[in-house]
Structures are given as structure tokens and as C-alpha cells.
Amino acid sequence: MNFLAPIAFAFAAAIPVVVIFYLLKRKRVVKLVSSTLLWQRFLADTQASSPFQRLRHNWLLIFQILLLLLAVFALARPYFRGQSKESRLRVVILDGSASMQATDEEPSRFEKARAEALQWVNGLRDGEQMMVLLAGASTEVKQSPTSDKGALRRAIESSTPSDASAGLADALKTAGAFTYEKRGEEEVTSGEIHLFSDGAVPPLTELENKNLPVVYHRVGLGGKNAAIVSMEVRANPENPRERAVFAAVANYSTNAISGELELRFDGELVQAKPIELAATNTLPIVFVAPQAKDGVFTVRLNADDILAADNEASAVSLLPQPVRILLVTRGNRFIEKALRGLPNVELSVSPVVTETADTADLVVLDDLGAPVLPRPNLMLFHVGHTNLFSVWEVVKAPPIVDWKNTHPLLRFVNFDNVQVAETLGVKAPAWGVSLVESPQTPLLVAGELDQRRIVWVGFDPLQSTWPLRISFPIFIANAVDWLNPASANASHLIVKAGQAFRLTVGQPVAQGEVTRPDGTKRELQLAGETREVVYGDTSLHGIYRLKAGTNDVTFCVNVMDANESNITPREELSLGRYQKVSASSIKRANLEIWRWIAAAALAVLLFEWWFYHKRTA
Amino acid sequence: MSALLTPELLRRLEQFQLLAARRAKSSAKGERRSRARGQSVEFADYRNYVAGDDLRYLDWNLYGRLERLFLKLYEEERELPVRIFLDASESMSFGEPRKFDFARQVAAALGYVALCGFDRVTVVAFPDNSEEAAVRGSLRSVRGRKSSLTFFQNLAQLTAKGAANFNQALRRGALEARQAGVAVVLSDFLDPDGYEPGLGALVGRGFQVNAVQILAPDELNPLTYGDLRLVDSESGAMQEVTFGKFRLKAYQQTVSNYCQRLREYCQARGIHFFSVSSAESLEQLLLRQLREAQLFG
């Protein structure tokens, strides 16, 4: 037998008190009276109805101690571990995403959700279990299934919202795994999932046909919110010394919102523009600003709305550096010409892979058989028999059937009139994605392997009509841009809240330090000989600074999520196409009051004892 | 005139006379009608003259008509002995006002009425107190209105002290009396040995008994609550009791039952019974209760 509340045994201290009451002689006030005759008669009259007083006295003591023991025992909540069926489980999911920081509820949506969840903890019946999940960018199990209300309360009270978007699908899947149990052949629901959210979440199509027992507790009242939904810093096409900052501001409410949009560079105000946002409209804004050094551009929206986290976005902007390209070829004028035509490029051409290859930013290998691949980023044309692919064969005249023009490499690139005479046949690898495909083999694969970017083209451009098309130099320009380590790093320096920041360092480092936007510092202990630093706690939006060895990197974390910024509370959640969960108005009453009743009974008992003795001398 | 009674009350009391249901049996002459024949103005009967009779009582008119000598007989007027039994034990010294003070006032008033009526008044204070022997002695067989001042002074000098044996005192008082008359018992009747033998002795001796029970307000309605150890003022016996407001009614019921039993006992033996609180007005008792009961009129 075990006890859920063994601390209640402290009440057993009342037993000696009762015994002492019986042992103690009552202190009486001595009073001289004319005659005790009337008092004797009075006592004789009143005690005539209880002839067995002395006997009852003793029994009363035993009875009281017994009752006290029982009460203490009940307060200690004993239970037996048995083979009986597992009790019902309630899984509480707290939405800890950015939208839960909205202040339309007092003091915030998250605090309201937390208070409601605590009510459900208070109403937990004996034998029921509860677990607590916090759904931020990743799902955090704050408390595994337990009946311990103290632990559950602590878990809920220690939960805090982040600026990340809600990974509700993960949380619901985790919860679903706990709420089903196998009985024989069939699965039976043995619990409930209580989701405390505003419904501002990405579509939950993954949960189709799961039939989860979800109870959706909606929090939130209004949807008055404007947000910066995208931001990008590029060189100004008209003046390479200036930077153009593109920002899009969206209004998700049904009323117009006016405000001011500020552009800051390293905290200094550069420009400010008044903006007028029509209801449910998105407004693109372009700032043009000079940049003399590497720094951070921040766009801030000053408007009266209920969510502050998405009113700011930052981007690291590095000054453009010339790209050092080594072209290893036995002669391909098309590639060479396309590369030379690009601005800000230092091109060197070599027939073989030289030792200087490792110092280049980018190495282009054209039509080489089984070379040793240099360390920098690579663009490979018709290079076979490396360890990039497992199968090598030759495919004659592969027709091009599909290409992914959404990828930055294929922006404005068209393969409509491109014919290929012969290509290397491979299977799509795990390290990259196939961007151009024929039915037999991928023709163009891009990806990242061993911390370097690789673009692999399976055919020799000279064995195709591609160099004659306008798409070829565009592709070369895109590829150089994508493979340029500076631009690759710049894109790495902006992450969404909740996503991990990765940094590749030249020398292995053992530890680092991150300064967060709120000024707090976090030590990083890195495992052994790693050349990649990963920092995952990006729950706050703003500018972070990472120091690791000789590296000193600034990176930005932004909310920039339309799902989080559109904070109008949803009346129902769609779990796939067919299942919808409506907002529940069920409030959990505090059912467990038996302790109070037991405590009151104890008080009544003590009072009864006092009263009994007051009546009888 | 007296610290015990106000002049106004004395003036009113002068109008009254003790009423005795029975004829006076005293041997001493007084102003009460008796069964005895003697020298008064009230004609009672005739009898034949025998030698030696006083010639002054012959009815000469009858001799003129019948020529026979008849002697006129008149009723003898005798005194009415009044015995007042005054409880002067320790228990009577309690109460606010004190029960003993009240009892002395009643004794003084009744004694004054008797003295005004030329009755012989004896105050029997019990228990015995050697220190007050002289005072107590001079309270015996007081007669005549002129003695009233001394009577009051002596009464005022009495104190309540010691433990009384109620029954013994009454029995002795009954035996001492040469003639039975009116007996007034002033006490709280709270003797642990009871009151029946004492009252019975008085009734048996032929007294016309009047019992006045005097209780203190605190005895009727106690105001001390809590866990108490009560000490009896006379016997020193102790009684532990836990008393509170919620038990007051039960206590009052007990007192009421006690008084009721005493009343029933008295009624069964032709004793006039009165129960008063020492806080009650003396006039109320004398001029209403005792008059209504025709103790005096």
C-alpha cells in the first residue's frame, strides 16, 4: 500500500492532544456559596438521564482516537498497486506559440490558458492521470502521466510561451500515442486530449483519419494584429553601394490599421515611413539605405495591435565580397564565358585540380572522371565515379520531363527547348534533391554534403543544346549565387523562431557563448571535435550573438509566420478534411472536496467533545 | 425610629393586628378573646350563684324578676403568643441584598404588629451564639408597644453566623413554648437534613405556622459561569460543577421544583407558605402577600 499524500500523517499529532485533554484536570474557579444543596439537586436532576457516564467517557476517548486515525488515514490517500485497468488519462496541451502572447485576454492568452489548465488539474479525480505538453516549435513533455497534482501544477506553472510557431501536429501525435491502448485486436481510446489554444496554427492535415479525442479549449477574443511577414536585404540593382531592404507588412484584422514603419541599422534609426494598412491587406515596402560595414537591418512596425512579437524583423547584411572561382576544365567556353560575365568574380581556369583548389570559394569541375573532390563548394558537370552516387550508368537521350523552378537555383530557368544527348544515370541520393528529371535518372541534383554545397549536373553541356539557351547563363549566375559561401552564410544567419541555428567553423571548438536578445548569456558545451555549432533555443525573436573560438557571429531570429500573425481565435480546428473540433465551453468544476469535508468533520468532532464536557461537570 | 423599617411603613403597620384562627390559650391576660371566662366587657353566659361568688357580678335585674340569684359570666381576654423563628446561620448572610437583612425586616414588621396588638413576641434566632446571648435573651417575651424600640435595636444587633440545625431549633422552640400561638419561620429552608421534622414539631404543638422562604437573587438566577468548585458556607463541603448559560433553565427548574415541594408540604399541614427573593420589596410581601393570606388584617 502506498500513500499519495503521506504528509497528511502530520495530522496524527492531534491524537496526543486528545489524550492530553482527557489527562488534564480542568482548572476550576473556587466560589463560596450559601449552600450547595440546590446545586446537588441540580446535578442529580441533569445526570439522571446519563447513568453510565464514566463508562461512556472511556469509550468516547477510544472512539475519538479511532475516528481521528481514520480521518488521518483518509487524508493520506492510501492506494494499492494492482493489476487493474489503467485509469483514464487527460493530456493537456498548452499552445506555447507566438500568437499566445496576444494581450486581448488579461494578462495574455497564454496566462488565461494556463489558469484554465490549472482548474482542470484541481478537478482531477482520484485514479485519473494527467500529462502536460507544451507545444512550441517542438513539443516539450513538461510532465509525464501522473496523479500528483503538485507535479502537474509545477509543470503548468513552469511553462512559458515562445516566439516560435506552434508545432501542434507533433504535440497532438504525441498525445494521441498516450490516449490509445490496445485491447485484443482493437485500439480503444482511454483518455482525452485537452488542447488550450487560440487555433492560430498551421493546417493539421497530418492528423487526418487519426480520430483523436480532442477537446479544444479556445482562448482569445480579438484579432487586431499587423505583422511584418517577410523581409529581405539585397544589393540595390541601380547602385551597388546601396542596399535595398524589402519588407511586407500584413494587416490580419478586419479594420484598417495605421502606424509607422522604421528601418534601423545596428540600432540606429535610418528611415521611417508612415503606413496605412487596409483591412486584411498586405503592403510591400522598400527602403534604400547605404551600407558601409557589415551589420543588422531591423524593420520595426509601430502600430496599436495586440501582438508585439511579430512587429519586428531583422536581417544580417554582409558587404559583398569577390567570389574566387576555380574552373577545372579541358576547355568549355560556354561555362567560362558565363562565369566571366558575372559581376564581382575572380575566375581562374586550370586543366587539373590544383592544390590551390582548397582556398577557392567555389570549384567548378567540368567533364572529369573520378577526381578527388576538393573541399570548397562544388559545381560538377558530367563528373562521374565519385562517392556521391552509388550507381553509375550511361543514359542515352534522356527527355527532360520536370524541373523545380521554385528552387533558387532554377529561378527564371526554363528547360523547354533543351535536349541532352547523353547523361550519367544515377539514383536520387539522400544528401540532395533532384531538380531536373528525366524518366530514367535525375539530371541535376543539388544538396549539402559534409558541410559543403554541391550542384551536380549529370550531362556535359557540350553534349546538349542547353548552352545555346538563355537559361544557361541564368543558371550559372544562380548557381554561383547559391554556392557562394558568403551568401550561403548570410541566408544561414536568419532563422525562424524555434528553429536551430547552425554555424560551420574552421577549427573545432569545445565551447561557446550565446548572447540572447534580452541580454542573457548561455554557455554552450560542444561535444568533442565538432566543426558545426548548433544552437536550438531560439524562442525569442531578435538579434543573437554567438562566440565560439575565434568566430564571432551575429544572427537574427524572426517570427515571420502568417499562421502565427493571423491571431483571430478559431472557432474550430480542422484535423484533416473530415474531422473538425469545435471550441468547447466545458469548465472543470473543482469536484474533489472530500478532504475539506473530512477536515470539517474533524472540527465538528472536536467541537462535540468540547460541548459534551461543557454540559457535564 | 428604626433602621430596619421606615416610619411610613411603621405607621401603616400600626393599623393592623395579627389574625389568629384559633382562640388564645395563653394564661396571661391580654386583648385576645379566649375560651376562658374572666373579666372583660363581653357577656358570655349566666350560672347559678354559689356561696363565695363575688357579689359584684350578680344580675340584680333578674333577681327582681325571678327572685333567684344568677351570676353574670364574661369572656376572659388573653394575650396571643407570637414566636418568630429567625434563621441566623451563615447561609443567610449571602445575597445582594442579604437574605438575613430581609429576614430581620420581616421579623421587625411582624413583631411590631404583634406588639401594637398587646401580644407577646418571642424571637428565636438560631443557631445559638454565645456572644449574642444577652441580646437574644432580651428578644424573648417582649410585650407592649413601648417595648418596640428596644425590640428593633436588639434585632438590629443580631448577626448571621455558624451552621444551623433547622429541625432541632424548631423542635426545641416548640417544646419551650408554654402556650401555642402564632409561629413565623423565616429561613432559606436550605438545610441538608430537610425541614419536615422541624415544621412538623411546630404544627404538632398546636402553632399556627407561617413559613417565609427567603432566597437570594443569585440563588434563583446564578450569574457565575464556567468550571466551578463551589464551597458550602456552613458545612464547607465542596461541589464541582460546570455551568453555562445554556444550563440556566435546567437550574431554575430545579429551584422551582424544590420550592414547589416545600409549598406542597406546607399546604398539606395547614402552614401558610411564602417564597420571596431578598431583592423583592418588603411592602409587597407585608401589605399584599401576608395580608391576602390573612396573617394580619
# chains A, B, ... in the order shown; residues from 1 in each chain; ligands from 1

$ closest_atom_pairs --of "chain A" --to "chain B" --cutoff "6 Å" --atoms "only C-alpha atoms" --output "tab-separated table"
residue	atom	partner	partner_atom	distance
A:Arg28	CA	B:Leu228	CA	4.8
A:Val29	CA	B:Leu228	CA	4.7
A:Val30	CA	B:Arg229	CA	4.6
A:Lys31	CA	B:Leu230	CA	4.9
A:Leu32	CA	B:Val231	CA	4.8
A:Val33	CA	B:Asp232	CA	5.6
A:Ser34	CA	B:Ser91	CA	4.2
A:Ser35	CA	B:Asp232	CA	4.9
A:Thr36	CA	B:Asp232	CA	5.4
A:Phe42	CA	B:Thr254	CA	5.5
A:Ala617	CA	B:Thr242	CA	4.7

$ write_last_selection --atoms "C-alpha atoms" --output "PDB file, in the first residue's frame"
ATOM      1  CA  ARG A  28     -11.899  25.235  38.415  1.00  0.00           C
ATOM      2  CA  VAL A  29     -12.730  28.559  39.949  1.00  0.00           C
ATOM      3  CA  VAL A  30     -13.401  28.260  43.687  1.00  0.00           C
ATOM      4  CA  LYS A  31     -16.567  30.045  44.763  1.00  0.00           C
ATOM      5  CA  LEU A  32     -18.148  30.308  48.225  1.00  0.00           C
ATOM      6  CA  VAL A  33     -21.903  29.888  48.102  1.00  0.00           C
ATOM      7  CA  SER A  34     -24.618  29.949  50.784  1.00  0.00           C
ATOM      8  CA  SER A  35     -25.487  26.307  50.269  1.00  0.00           C
ATOM      9  CA  THR A  36     -24.612  23.612  47.769  1.00  0.00           C
ATOM     10  CA  PHE A  42     -29.471  20.291  40.000  1.00  0.00           C
ATOM     11  CA  ALA A 617     -19.389  18.501  35.066  1.00  0.00           C
TER      12      ALA A 617
END

$ residues_around --residues "segment 449-457 of chain A" --least-positions-apart "4" --cutoff "7 Å" --atoms "only C-alpha atoms" --output "list in words"
Pro376, Asn377, Leu378, Met379, Leu380, Phe381, His382, Trp431, Leu443, Leu444, Val445 and Leu483 of chain A

$ residues_around --residues "segment 143-158 of chain A" --least-positions-apart "5" --cutoff "8 Å" --atoms "only C-alpha atoms" --output "PyMOL selection string"
chain A and resi 4+89+114+117-118+121-122+124+126-133

$ closest_residue --among "A:Ala289, A:Leu368, A:Pro343, A:Ser434" --to "Val328 of chain A" --atoms "only C-alpha atoms"
A:Leu368

$ select_by_dssp --residues "segment 346-521 of chain A" --states "strand (DSSP E or B)" --output "JSON, numbers by chain"
{"A": [346, 347, 348, 349, 350, 362, 363, 364, 365, 366, 369, 377, 378, 379, 380, 381, 384, 393, 394, 395, 396, 402, 403, 420, 422, 423, 424, 425, 432, 433, 434, 435, 436, 437, 442, 443, 444, 445, 446, 447, 448, 449, 452, 453, 454, 455, 456, 457, 464, 494, 495, 496, 501, 502, 503, 504, 505, 506, 507, 508, 509, 510, 511, 512, 513, 514, 515, 521]}

$ atom_distance --atom1 "atom CA of Phe459 of chain A" --atom2 "atom CA of Ile335 of chain A"
13.4 Å

$ select_by_dssp --residues "segment 164-343 of chain A" --states "alpha helix (DSSP H)" --output "tab-separated table (two decimals) with C-alpha atoms, in the first residue's frame"
chain	number	residue	atom	x	y	z
A	168	LEU	CA	0.57	21.38	-32.75
A	169	ALA	CA	0.62	18.42	-35.09
A	170	ASP	CA	3.61	16.95	-33.27
A	171	ALA	CA	2.04	17.62	-29.88
A	172	LEU	CA	-1.25	16.03	-30.93
A	173	LYS	CA	0.55	13.00	-32.32
A	174	THR	CA	2.49	12.61	-29.08
A	175	ALA	CA	-0.71	12.97	-27.08
A	176	GLY	CA	-2.53	10.55	-29.38
A	177	ALA	CA	0.09	7.89	-28.69
A	178	PHE	CA	-0.81	8.06	-25.00
A	179	THR	CA	-4.57	8.10	-25.38
A	333	ARG	CA	33.99	28.24	-73.48
A	334	PHE	CA	30.34	28.37	-72.56
A	335	ILE	CA	30.93	27.80	-68.90
A	336	GLU	CA	33.96	30.03	-68.80
A	337	LYS	CA	32.14	32.83	-70.59
A	338	ALA	CA	29.10	32.55	-68.39
A	339	LEU	CA	31.31	32.75	-65.30
A	340	ARG	CA	33.33	35.66	-66.55

$ atom_distance --atom1 "atom CA of Gln17 of chain B" --atom2 "atom CA of Val113 of chain B"
5.8 Å

$ atom_distance --atom1 "atom CA of Val604 of chain A" --atom2 "atom CA of Gln64 of chain A"
11.6 Å

$ residues_around --residues "segment 13-16 of chain B" --least-positions-apart "4" --cutoff "7 Å" --atoms "only C-alpha atoms" --output "PDB file with C-alpha atoms, in the first residue's frame"
ATOM      1  CA  LEU B   9     -44.177  51.529  56.936  1.00  0.00           C
ATOM      2  CA  VAL B 113     -47.760  44.457  64.511  1.00  0.00           C
ATOM      3  CA  CYS B 116     -49.146  47.030  68.863  1.00  0.00           C
ATOM      4  CA  PHE B 296     -52.838  40.020  59.792  1.00  0.00           C
ATOM      5  CA  GLY B 297     -55.623  42.425  58.913  1.00  0.00           C
TER       6      GLY B 297
END
